[in-house]
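Pasting coords_22.cif here (mmCIF, C-alpha atoms):
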```
data_protein
#
loop_
_atom_site.label_atom_id
_atom_site.label_comp_id
_atom_site.auth_asym_id
_atom_site.auth_seq_id
_atom_site.Cartn_x
_atom_site.Cartn_y
_atom_site.Cartn_z
CA MET A 1 -42.75 201.16 69.53
CA ASP A 2 -46.50 200.85 69.13
CA LYS A 3 -48.31 201.56 65.86
CA ASN A 4 -49.56 205.03 66.87
CA GLU A 5 -46.13 206.11 68.11
CA LYS A 6 -44.54 204.87 64.88
CA ARG A 7 -47.06 206.85 62.81
CA LYS A 8 -46.44 209.97 64.89
CA GLN A 9 -42.69 209.71 64.48
CA ALA A 10 -43.06 208.95 60.77
CA TRP A 11 -45.24 212.06 60.37
CA ILE A 12 -42.53 214.16 62.01
CA GLY A 13 -39.78 212.35 60.10
CA ASP A 14 -41.53 213.06 56.82
CA ALA A 15 -41.54 216.78 57.61
CA VAL A 16 -37.86 216.74 58.61
CA LEU A 17 -36.96 214.87 55.41
CA ALA A 18 -38.93 217.38 53.34
CA LEU A 19 -37.11 220.31 54.95
CA PHE A 20 -33.75 218.62 54.48
CA ALA A 21 -34.52 217.84 50.83
CA ARG A 22 -35.50 221.42 50.06
CA GLU A 23 -32.39 222.85 51.70
CA TRP A 24 -30.15 220.27 50.05
CA ILE A 25 -31.66 220.87 46.60
CA LEU A 26 -31.16 224.63 46.95
CA SER A 27 -27.53 224.10 47.95
CA GLU A 28 -26.73 221.83 45.00
CA PRO A 29 -25.53 223.90 42.04
CA SER A 30 -25.96 220.91 39.70
CA ILE A 31 -29.76 220.96 40.22
CA ASN A 32 -31.22 223.67 38.04
CA THR A 33 -34.41 225.52 38.88
CA ALA A 34 -36.48 223.56 36.38
CA ASN A 35 -35.54 220.24 38.03
CA ARG A 36 -36.03 221.21 41.68
CA ALA A 37 -39.61 220.01 42.03
CA SER A 38 -39.00 216.64 40.39
CA THR A 39 -35.82 216.13 42.44
CA PHE A 40 -37.78 216.90 45.62
CA VAL A 41 -40.48 214.38 44.70
CA GLN A 42 -37.87 211.73 43.90
CA MET A 43 -35.90 212.30 47.10
CA THR A 44 -38.94 212.14 49.38
CA SER A 45 -40.86 209.41 47.56
CA ASN A 46 -41.75 206.06 49.05
CA GLN A 47 -40.03 204.51 46.04
CA PHE A 48 -36.70 206.06 47.07
CA LEU A 49 -37.28 205.38 50.77
CA SER A 50 -37.98 201.74 49.91
CA SER A 51 -34.40 201.42 48.71
CA ILE A 52 -33.36 202.14 52.31
CA GLY A 53 -36.09 200.21 54.14
CA GLU A 54 -39.83 200.20 54.75
CA PRO A 55 -40.78 203.87 54.16
CA THR A 56 -42.81 204.38 57.34
CA ILE A 57 -40.05 202.86 59.47
CA VAL A 58 -37.41 204.98 57.71
CA GLU A 59 -39.41 208.16 58.34
CA ALA A 60 -40.08 207.11 61.93
CA LYS A 61 -36.35 206.71 62.50
CA ILE A 62 -35.76 210.25 61.23
CA GLY A 63 -38.55 211.50 63.50
CA LYS A 64 -37.11 209.68 66.50
CA ILE A 65 -33.65 211.15 65.90
CA TYR A 66 -35.18 214.61 65.54
CA GLN A 67 -37.12 214.26 68.79
CA LYS A 68 -34.21 212.89 70.81
CA GLU A 69 -31.23 214.73 69.30
CA GLY A 70 -32.58 217.67 67.33
CA LEU A 71 -32.70 218.92 63.77
CA ASN A 72 -28.94 218.95 63.16
CA ALA A 73 -28.62 215.29 64.17
CA ALA A 74 -31.55 214.33 61.93
CA PHE A 75 -30.05 216.27 59.01
CA GLU A 76 -26.67 214.61 59.61
CA PHE A 77 -28.33 211.18 59.60
CA ILE A 78 -30.10 211.94 56.32
CA ASN A 79 -26.99 213.42 54.76
CA GLU A 80 -24.86 210.40 55.67
CA ASN A 81 -27.39 207.67 54.90
CA PHE A 82 -29.65 208.99 52.15
CA VAL A 83 -27.70 211.47 50.04
CA PRO A 84 -24.99 209.05 48.77
CA LEU A 85 -27.65 206.56 47.65
CA PHE A 86 -29.80 209.30 46.13
CA LYS A 87 -26.84 210.69 44.16
CA LYS A 88 -25.99 207.19 42.94
CA GLN A 89 -29.57 206.64 41.77
CA GLN A 90 -29.64 210.07 40.09
CA ASN A 91 -26.37 209.27 38.33
CA ASN A 92 -27.79 205.94 37.13
CA ARG A 93 -30.93 207.73 35.89
CA SER A 94 -28.86 210.19 33.88
CA LYS A 95 -26.78 207.35 32.39
CA ASN A 96 -29.94 205.49 31.42
CA SER A 97 -31.60 208.55 29.90
CA GLY A 98 -29.67 207.79 26.71
CA ASN A 99 -30.90 204.21 26.81
CA TYR A 100 -32.37 202.90 23.57
CA ARG A 101 -35.75 202.57 25.27
CA ASN A 102 -35.84 206.31 25.91
CA THR A 103 -34.87 207.49 22.45
CA ASN A 104 -37.18 208.08 19.53
CA LYS A 105 -35.99 206.35 16.37
CA THR A 106 -37.53 207.27 13.10
#
```
As structure tokens, what does this structure read like?
Amino acid sequence: MDKNEKRKQAWIGDAVLALFAREWILSEPSINTANRASTFVQMTSNQFLSSIGEPTIVEAKIGKIYQKEGLNAAFEFINENFVPLFKKQQNNRSKNSGNYRNTNKT
């Protein structure tokens, strides 16, 4: 895949990931309204994508699946490969929120 094709697929993959993230967040009862925006940013960030692979390549893979197999296949790929890791990272964040570094001692 040449550089321009990779960018094109990554652009599309980014949009598919954003749509998936919004729908997933709305379907998760554990994510309250006040945390939706920050959860969206975390789930679609290059920092999170880097835990899976190089962000542009990850997004390009989503875009390629979308183009060849459709939205449902792309959503299934994201759900199977991203959501478990994202939930694990979120769980670790909530465990560490009580960390001594994050508490104010007087």
Self-check item: Selection dump of the PyMOL selection byres ((chain A and resi 58) around 12), as an MDAnalysis selection string
Solution: chainID A and resid 6:7 9:14 16:17 44:57 59:65 74 77:78 81:82
Listed atoms of stretch 80-85 of chain A boxed axis-aligned with 4 Å per side, centre + edges as lines of an AutoDock Vina configuration file:
```
center_x = -27.3
center_y = 209.0
center_z = 51.7
size_x = 12.8
size_y = 12.9
size_z = 16.0
```
Check which residues of stretch 69-97 of chain A sit at most 12 Å from stretch 24-34 of chain A using all atoms listed in the file, and return one row each with the closest pair of atoms and their distance in Å to one decimal, ordered by chain and rising number, as JSON lines.
```
{"residue": "A:Phe75", "atom": "CA", "partner": "A:Trp24", "partner_atom": "CA", "distance": 9.8}
{"residue": "A:Glu76", "atom": "CA", "partner": "A:Trp24", "partner_atom": "CA", "distance": 11.6}
{"residue": "A:Ile78", "atom": "CA", "partner": "A:Trp24", "partner_atom": "CA", "distance": 10.4}
{"residue": "A:Asn79", "atom": "CA", "partner": "A:Trp24", "partner_atom": "CA", "distance": 8.9}
{"residue": "A:Phe82", "atom": "CA", "partner": "A:Trp24", "partner_atom": "CA", "distance": 11.5}
{"residue": "A:Val83", "atom": "CA", "partner": "A:Trp24", "partner_atom": "CA", "distance": 9.1}
{"residue": "A:Phe86", "atom": "CA", "partner": "A:Trp24", "partner_atom": "CA", "distance": 11.7}
{"residue": "A:Lys87", "atom": "CA", "partner": "A:Glu28", "partner_atom": "CA", "distance": 11.2}
{"residue": "A:Gln90", "atom": "CA", "partner": "A:Ile31", "partner_atom": "CA", "distance": 10.9}
{"residue": "A:Asn91", "atom": "CA", "partner": "A:Ser30", "partner_atom": "CA", "distance": 11.7}
```
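Counting from atom CA of A:Ala21, the distance to atom CA of A:Leu71 is 13.1 Å.
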Self-check item: Atomic separation - atom CA of A:Gln67 relative to atom CA of A:Leu19, Å
Solution: 15.1 Å
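Between atom CA of A:Ala18 and atom CA of A:Arg36 the separation is 12.6 Å.
Compared by their closest atoms to A:Lys88, and using only C-alpha atoms, the residues A:Glu23, A:Ala15, A:Met43, A:Ser38 rank with A:Met43 nearest.
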